[in-house]
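What follows is start-v1.pdb (PDB, C-alpha atoms).
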ATOM      1  CA  MET Z  29      91.352 109.907 110.094
ATOM      2  CA  ARG Z  30      88.884 109.619 107.231
ATOM      3  CA  ALA Z  31      88.093 106.284 105.597
ATOM      4  CA  LEU Z  32      85.599 104.768 103.200
ATOM      5  CA  ARG Z  33      83.404 102.506 105.311
ATOM      6  CA  ILE Z  34      80.891  99.780 104.576
ATOM      7  CA  SER Z  35      78.101 100.223 107.122
ATOM      8  CA  ALA Z  36      75.802  97.679 105.454
ATOM      9  CA  PRO Z  37      75.976  95.533 102.293
ATOM     10  CA  GLY Z  38      75.824  97.788  99.258
ATOM     11  CA  THR Z  39      76.670 100.995 101.104
ATOM     12  CA  LEU Z  40      79.927 102.938 101.091
ATOM     13  CA  ALA Z  41      80.389 106.303 102.814
ATOM     14  CA  LEU Z  42      83.226 108.535 103.959
ATOM     15  CA  GLY Z  43      83.519 108.589 107.735
ATOM     16  CA  ASP Z  44      85.870 109.216 110.641
ATOM     17  CA  VAL Z  45      87.680 106.334 112.346
ATOM     18  CA  ALA Z  46      90.587 106.061 114.750
ATOM     19  CA  ARG Z  47      94.020 106.204 113.175
ATOM     20  CA  PRO Z  48      95.775 102.831 113.566
ATOM     21  CA  LEU Z  49      98.954 102.563 115.615
ATOM     22  CA  PRO Z  50     101.925 100.562 114.294
ATOM     23  CA  ARG Z  51     102.828  97.533 116.373
ATOM     24  CA  ALA Z  52     106.248  95.879 116.575
ATOM     25  CA  ARG Z  53     107.926  95.633 113.138
ATOM     26  CA  GLU Z  54     105.028  97.570 111.550
ATOM     27  CA  ILE Z  55     104.985 100.916 109.769
ATOM     28  CA  LEU Z  56     102.260 103.534 109.597
ATOM     29  CA  VAL Z  57     101.679 104.623 105.998
ATOM     30  CA  ARG Z  58      99.936 107.819 104.938
ATOM     31  CA  VAL Z  59      97.994 106.590 101.927
ATOM     32  CA  ASP Z  60      98.442 108.744  98.818
ATOM     33  CA  ALA Z  61      96.500 106.436  96.459
ATOM     34  CA  ALA Z  62      94.561 103.183  96.732
ATOM     35  CA  ALA Z  63      93.375 100.874  93.972
ATOM     36  CA  LEU Z  64      89.937  99.386  93.425
ATOM     37  CA  ASN Z  65      89.772  95.613  92.987
ATOM     38  CA  ARG Z  66      87.017  93.099  92.395
ATOM     39  CA  ALA Z  67      87.449  91.944  95.992
ATOM     40  CA  ASP Z  68      86.590  95.470  97.165
ATOM     41  CA  LEU Z  69      83.380  95.427  95.133
ATOM     42  CA  LEU Z  70      82.476  92.001  96.515
ATOM     43  CA  GLN Z  71      83.216  93.159 100.060
ATOM     44  CA  ARG Z  72      80.929  96.172  99.574
ATOM     45  CA  ALA Z  73      78.198  93.803  98.374
ATOM     46  CA  GLY Z  74      78.602  91.655 101.483
ATOM     47  CA  ARG Z  75      80.106  88.715  99.595
ATOM     48  CA  TYR Z  76      83.767  88.934 100.638
ATOM     49  CA  PRO Z  77      84.571  89.020 104.358
ATOM     50  CA  ALA Z  78      87.898  90.625 105.185
ATOM     51  CA  PRO Z  79      90.682  88.243 106.268
ATOM     52  CA  ALA Z  80      91.185  87.871 110.002
ATOM     53  CA  GLY Z  81      93.072  90.762 111.527
ATOM     54  CA  TRP Z  82      92.125  93.334 108.877
ATOM     55  CA  PRO Z  83      89.382  96.008 109.053
ATOM     56  CA  PRO Z  84      86.055  94.317 108.297
ATOM     57  CA  ASP Z  85      84.428  97.566 107.136
ATOM     58  CA  ILE Z  86      87.194  99.414 105.225
ATOM     59  CA  PRO Z  87      88.013  97.997 101.768
ATOM     60  CA  GLY Z  88      91.246  98.411  99.846
ATOM     61  CA  LEU Z  89      93.971  95.866  99.072
ATOM     62  CA  GLU Z  90      96.545  97.917  97.142
ATOM     63  CA  PHE Z  91      98.089 101.218  98.089
ATOM     64  CA  ALA Z  92     100.959 103.627  97.620
ATOM     65  CA  GLY Z  93     101.960 106.143 100.245
ATOM     66  CA  THR Z  94     104.551 107.639 102.539
ATOM     67  CA  VAL Z  95     105.933 106.167 105.768
ATOM     68  CA  ALA Z  96     104.580 108.349 108.582
ATOM     69  CA  ASP Z  97     105.699 106.419 111.675
ATOM     70  CA  ARG Z  98     107.387 103.199 112.750
ATOM     71  CA  GLY Z  99     106.578 100.673 115.428
ATOM     72  CA  GLU Z 100     109.089  99.151 117.811
ATOM     73  CA  GLY Z 101     111.895  97.362 115.958
ATOM     74  CA  ALA Z 102     110.837  98.609 112.519
ATOM     75  CA  THR Z 103     114.097  99.791 110.951
ATOM     76  CA  ARG Z 104     113.808  98.909 107.256
ATOM     77  CA  TRP Z 105     112.155 102.206 106.254
ATOM     78  CA  ALA Z 106     112.641 105.820 107.242
ATOM     79  CA  VAL Z 107     109.837 108.278 107.850
ATOM     80  CA  GLY Z 108     109.168 109.960 104.503
ATOM     81  CA  ASP Z 109     110.028 106.948 102.318
ATOM     82  CA  ARG Z 110     107.620 106.265  99.443
ATOM     83  CA  VAL Z 111     106.307 102.679  99.576
ATOM     84  CA  TYR Z 112     103.630 100.524  97.989
ATOM     85  CA  GLY Z 113     102.195  97.123  98.672
ATOM     86  CA  LEU Z 114      99.321  94.735  99.383
ATOM     87  CA  VAL Z 115      97.260  94.429 102.541
ATOM     88  CA  GLY Z 116      94.274  92.347 103.594
ATOM     89  CA  GLY Z 117      92.066  95.447 103.658
ATOM     90  CA  GLY Z 118      91.853  98.974 104.979
ATOM     91  CA  ALA Z 119      93.773 100.754 102.219
ATOM     92  CA  GLN Z 120      90.902 103.088 101.293
ATOM     93  CA  ALA Z 121      91.690 105.320 104.232
ATOM     94  CA  GLU Z 122      94.094 108.132 105.055
ATOM     95  CA  TYR Z 123      96.400 105.814 107.017
ATOM     96  CA  LEU Z 124      97.099 102.100 107.352
ATOM     97  CA  THR Z 125      99.555  99.889 109.191
ATOM     98  CA  THR Z 126     101.392  96.910 107.757
ATOM     99  CA  HIS Z 127     104.514  94.847 108.418
ATOM    100  CA  GLU Z 128     107.686  96.576 107.279
ATOM    101  CA  LEU Z 129     108.564  93.598 105.033
ATOM    102  CA  ALA Z 130     105.191  93.713 103.231
ATOM    103  CA  VAL Z 131     105.978  96.830 101.184
ATOM    104  CA  ALA Z 132     108.467  97.855  98.501
ATOM    105  CA  ARG Z 133     109.979 101.183  97.537
ATOM    106  CA  VAL Z 134     108.022 103.070  94.870
ATOM    107  CA  PRO Z 135     110.239 103.362  91.747
ATOM    108  CA  ASP Z 136     111.180 106.927  90.872
ATOM    109  CA  GLY Z 137     109.358 106.683  87.545
ATOM    110  CA  LEU Z 138     105.944 105.991  89.097
ATOM    111  CA  ASN Z 139     103.580 108.415  90.752
ATOM    112  CA  ALA Z 140     101.356 107.282  93.608
ATOM    113  CA  ILE Z 141      98.322 106.548  91.438
ATOM    114  CA  GLU Z 142     100.361 104.380  89.066
ATOM    115  CA  ALA Z 143     102.145 102.589  91.908
ATOM    116  CA  ALA Z 144      98.897 101.761  93.723
ATOM    117  CA  ALA Z 145      97.648  99.879  90.650
ATOM    118  CA  VAL Z 146     100.709  97.614  90.458
ATOM    119  CA  PRO Z 147     100.890  95.133  93.384
ATOM    120  CA  GLU Z 148      97.878  92.822  93.013
ATOM    121  CA  ALA Z 149      98.249  92.096  89.298
ATOM    122  CA  PHE Z 150     102.048  92.021  89.143
ATOM    123  CA  VAL Z 151     102.594  89.993  92.321
ATOM    124  CA  THR Z 152     100.069  87.420  91.058
ATOM    125  CA  ALA Z 153     101.674  87.265  87.606
ATOM    126  CA  HIS Z 154     105.214  87.124  89.027
ATOM    127  CA  ASP Z 155     104.291  84.297  91.380
ATOM    128  CA  ALA Z 156     102.825  82.259  88.504
ATOM    129  CA  LEU Z 157     105.583  82.939  85.988
ATOM    130  CA  VAL Z 158     108.715  83.096  88.123
ATOM    131  CA  ALA Z 159     108.119  81.481  91.512
ATOM    132  CA  GLN Z 160     106.004  78.609  90.170
ATOM    133  CA  ALA Z 161     106.835  78.127  86.467
ATOM    134  CA  ARG Z 162     110.454  79.375  86.702
ATOM    135  CA  LEU Z 163     110.278  81.272  83.407
ATOM    136  CA  ARG Z 164     113.590  81.442  81.529
ATOM    137  CA  GLU Z 165     114.806  83.799  78.844
ATOM    138  CA  GLY Z 166     113.730  82.732  75.369
ATOM    139  CA  GLU Z 167     110.742  80.681  76.503
ATOM    140  CA  ARG Z 168     107.283  81.124  75.008
ATOM    141  CA  VAL Z 169     104.331  81.656  77.325
ATOM    142  CA  LEU Z 170     100.614  81.181  76.656
ATOM    143  CA  ILE Z 171      98.474  83.524  78.774
ATOM    144  CA  PHE Z 172      94.743  82.927  79.093
ATOM    145  CA  ALA Z 173      92.493  85.962  79.768
ATOM    146  CA  VAL Z 174      95.387  88.011  78.448
ATOM    147  CA  ALA Z 175      93.364  91.256  78.410
ATOM    148  CA  SER Z 176      92.713  91.090  82.166
ATOM    149  CA  GLY Z 177      94.779  93.027  84.682
ATOM    150  CA  VAL Z 178      96.870  89.981  85.593
ATOM    151  CA  GLY Z 179      97.128  89.046  81.904
ATOM    152  CA  LEU Z 180      98.514  92.444  80.944
ATOM    153  CA  ALA Z 181     100.960  92.293  83.851
ATOM    154  CA  ALA Z 182     102.067  88.846  82.689
ATOM    155  CA  VAL Z 183     102.740  90.155  79.170
ATOM    156  CA  ALA Z 184     104.932  92.914  80.601
ATOM    157  CA  LEU Z 185     106.849  90.493  82.838
ATOM    158  CA  VAL Z 186     107.384  87.922  80.092
ATOM    159  CA  ARG Z 187     108.836  90.609  77.838
ATOM    160  CA  ALA Z 188     111.005  92.051  80.630
ATOM    161  CA  LEU Z 189     112.418  88.578  81.362
ATOM    162  CA  GLY Z 190     113.259  87.911  77.711
ATOM    163  CA  GLY Z 191     110.351  85.621  76.887
ATOM    164  CA  GLU Z 192     107.725  85.700  74.156
ATOM    165  CA  ALA Z 193     104.087  86.177  75.176
ATOM    166  CA  TYR Z 194     101.019  84.825  73.387
ATOM    167  CA  GLY Z 195      97.485  84.976  74.671
ATOM    168  CA  THR Z 196      93.788  84.369  74.328
ATOM    169  CA  THR Z 197      90.717  86.363  75.248
ATOM    170  CA  ARG Z 198      86.979  85.874  74.878
ATOM    171  CA  THR Z 199      86.543  89.468  73.705
ATOM    172  CA  PRO Z 200      87.908  90.193  70.205
ATOM    173  CA  HIS Z 201      88.004  93.992  70.494
ATOM    174  CA  LYS Z 202      90.463  93.778  73.413
ATOM    175  CA  LEU Z 203      93.155  92.115  71.308
ATOM    176  CA  ASP Z 204      94.423  95.271  69.616
ATOM    177  CA  ARG Z 205      95.162  96.859  72.995
ATOM    178  CA  VAL Z 206      97.110  93.817  74.194
ATOM    179  CA  LEU Z 207      99.017  93.459  70.916
ATOM    180  CA  ALA Z 208     100.055  97.096  71.285
ATOM    181  CA  ALA Z 209     101.362  96.219  74.764
ATOM    182  CA  GLY Z 210     103.777  93.677  73.297
ATOM    183  CA  LEU Z 211     101.817  90.469  72.799
ATOM    184  CA  ALA Z 212     103.530  88.433  70.062
ATOM    185  CA  GLY Z 213     100.284  86.768  68.973
ATOM    186  CA  GLY Z 214      96.722  86.652  70.187
ATOM    187  CA  ALA Z 215      93.334  85.156  69.392
ATOM    188  CA  ALA Z 216      89.743  85.375  70.548
ATOM    189  CA  VAL Z 217      88.541  81.916  71.591
ATOM    190  CA  ARG Z 218      85.378  80.548  73.170
ATOM    191  CA  GLU Z 219      86.221  76.900  73.858
ATOM    192  CA  PRO Z 220      89.395  75.077  74.964
ATOM    193  CA  ASP Z 221      89.444  73.122  71.700
ATOM    194  CA  ASP Z 222      89.853  76.425  69.839
ATOM    195  CA  VAL Z 223      93.307  77.016  71.353
ATOM    196  CA  PRO Z 224      95.600  74.348  69.783
ATOM    197  CA  PRO Z 225      95.177  75.544  66.156
ATOM    198  CA  HIS Z 226      96.272  79.046  67.203
ATOM    199  CA  VAL Z 227      99.301  77.698  69.064
ATOM    200  CA  GLU Z 228     100.277  75.697  65.994
ATOM    201  CA  ARG Z 229      99.916  78.781  63.824
ATOM    202  CA  TRP Z 230     102.057  80.882  66.170
ATOM    203  CA  VAL Z 231     104.938  78.524  66.926
ATOM    204  CA  GLY Z 232     104.629  75.462  64.681
ATOM    205  CA  GLY Z 233     105.499  72.296  66.542
ATOM    206  CA  GLY Z 234     107.600  73.962  69.225
ATOM    207  CA  GLY Z 235     104.953  74.154  71.904
ATOM    208  CA  MET Z 236     104.678  76.574  74.779
TER     209      MET Z 236
END

Structure rendered as structure tokens:
Amino acid sequence: MRALRISAPGTLALGDVARPLPRAREILVRVDAAALNRADLLQRAGRYPAPAGWPPDIPGLEFAGTVADRGEGATRWAVGDRVYGLVGGGAQAEYLTTHELAVARVPDGLNAIEAAAVPEAFVTAHDALVAQARLREGERVLIFAVASGVGLAAVALVRALGGEAYGTTRTPHKLDRVLAAGLAGGAAVREPDDVPPHVERWVGGGGM
């Protein structure tokens, strides 16, 4: 199969590598789209070693694709199913293997390119908001770096779960884009002490 490979720090070239074989409980995915993350750029620069067990020379953390084969005991997905997910690396290739529980079904409304851009930001935001903070309907949420990928995902999740999202950014011109995405209130701030007056203006004494 073809894959983007890092042969030396700072270099990235298309090359041929062996197609991986799915082990027990793993699936082989034909990659239709892969995202580009900061970790991929750092890995290319030689500043982010791949986690143990993942290709050290093929970047790519997020992907969307089609199940092409199944390893022994892998029964959750059928060949031909559209899936997307996160891996420790190796997604910028024609094929990858991953555990059958580490992917989700691509929603019908998303194409492969859209789906491949979802997992990293939305899993991170969901973990913070739901798994850790246990967000409830009607609550107000303050999101720092709201114009970032995770920030935008958090705005979408807060709205979907019935909350009200507010946020800050260091870059004023990004605010209009985030407000259009459903942010209830936003401000450009440079220092932590700049935040409380904006919170007071948005919600009075209710807090976040």

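Proximity to Z:Leu40 was assessed for Z:Glu192, Z:Glu142, Z:Leu157, Z:Pro87 counting only C-alpha atoms; the smallest distance is recorded for Z:Pro87.
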
Separating atom CA of Z:Arg205 from atom CA of Z:Ala61, to the nearest tenth of an Å, is a gap of 25.4 Å

Fewer than 4 positions away in the same chain doesn't count, so skip those; otherwise give me all residues within 9 Å of Z:Ala41, counting only C-alpha atoms, as a list in words.
->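 That gives Ala31, Leu32, Arg33, Ile34 and Ser35 of chain Z.
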
Which residues, written as a list in words, have at least one atom at most 10 Å from Z:Ala140, with all atoms listed in the file counted and residues fewer than 5 positions away on the same chain left out?
->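 Non-adjacent residues within range: Val59, Asp60, Ala61, Ala62, Phe91, Ala92, Gly93, Thr94, Arg110, Val111, Tyr112, Val134, Pro135 and Ala145 of chain Z.
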
In terms of only C-alpha atoms, the residue from Z:Val45, Z:Leu89, Z:Ala212, Z:Val183 at minimal distance from Z:Arg66 is Z:Leu89

Gap from atom CA of Z:Arg198 to atom CA of Z:Ala216 - Å, one decimal |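 One can read the atom CA of Z:Arg198 to atom CA of Z:Ala216 distance as 5.2 Å.
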
Residues matched by the PyMOL selection byres ((chain Z and resi 211) around 10) as a list of chain:residue names =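 With the PyMOL selection byres ((chain Z and resi 211) around 10) on this model, the match is Z:Ile171, Z:Val174, Z:Leu180, Z:Val183, Z:Ala184, Z:Val186, Z:Arg187, Z:Glu192, Z:Ala193, Z:Tyr194, Z:Gly195, Z:Leu203, Z:Asp204, Z:Arg205, Z:Val206, Z:Leu207, Z:Ala208, Z:Ala209, Z:Gly210, Z:Ala212, Z:Gly213, Z:Gly214.
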
Expansion of the PyMOL selection byres ((chain Z and resi 57) around 12) into residues, as a PyMOL selection string = chain Z and resi 47-50+54-56+58-62+91-99+105-113+115+118-128+130-131

Of the candidates Z:Gly116, Z:Ser176, Z:Glu219, Z:Gly101, which one gets nearest to Z:Ala80 if we count only C-alpha atoms?
->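 Selected residue with least distance to Z:Ala80: Z:Gly116.
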
Here atom CA of Z:Asn65 and atom CA of Z:Ala143 stand apart by 14.2 Å

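This file gives the following result for the PyMOL selection byres ((chain Z and resi 37) around 7): Ile34, Ala36, Gly38, Thr39, Arg72, Ala73 and Gly74 of chain Z.
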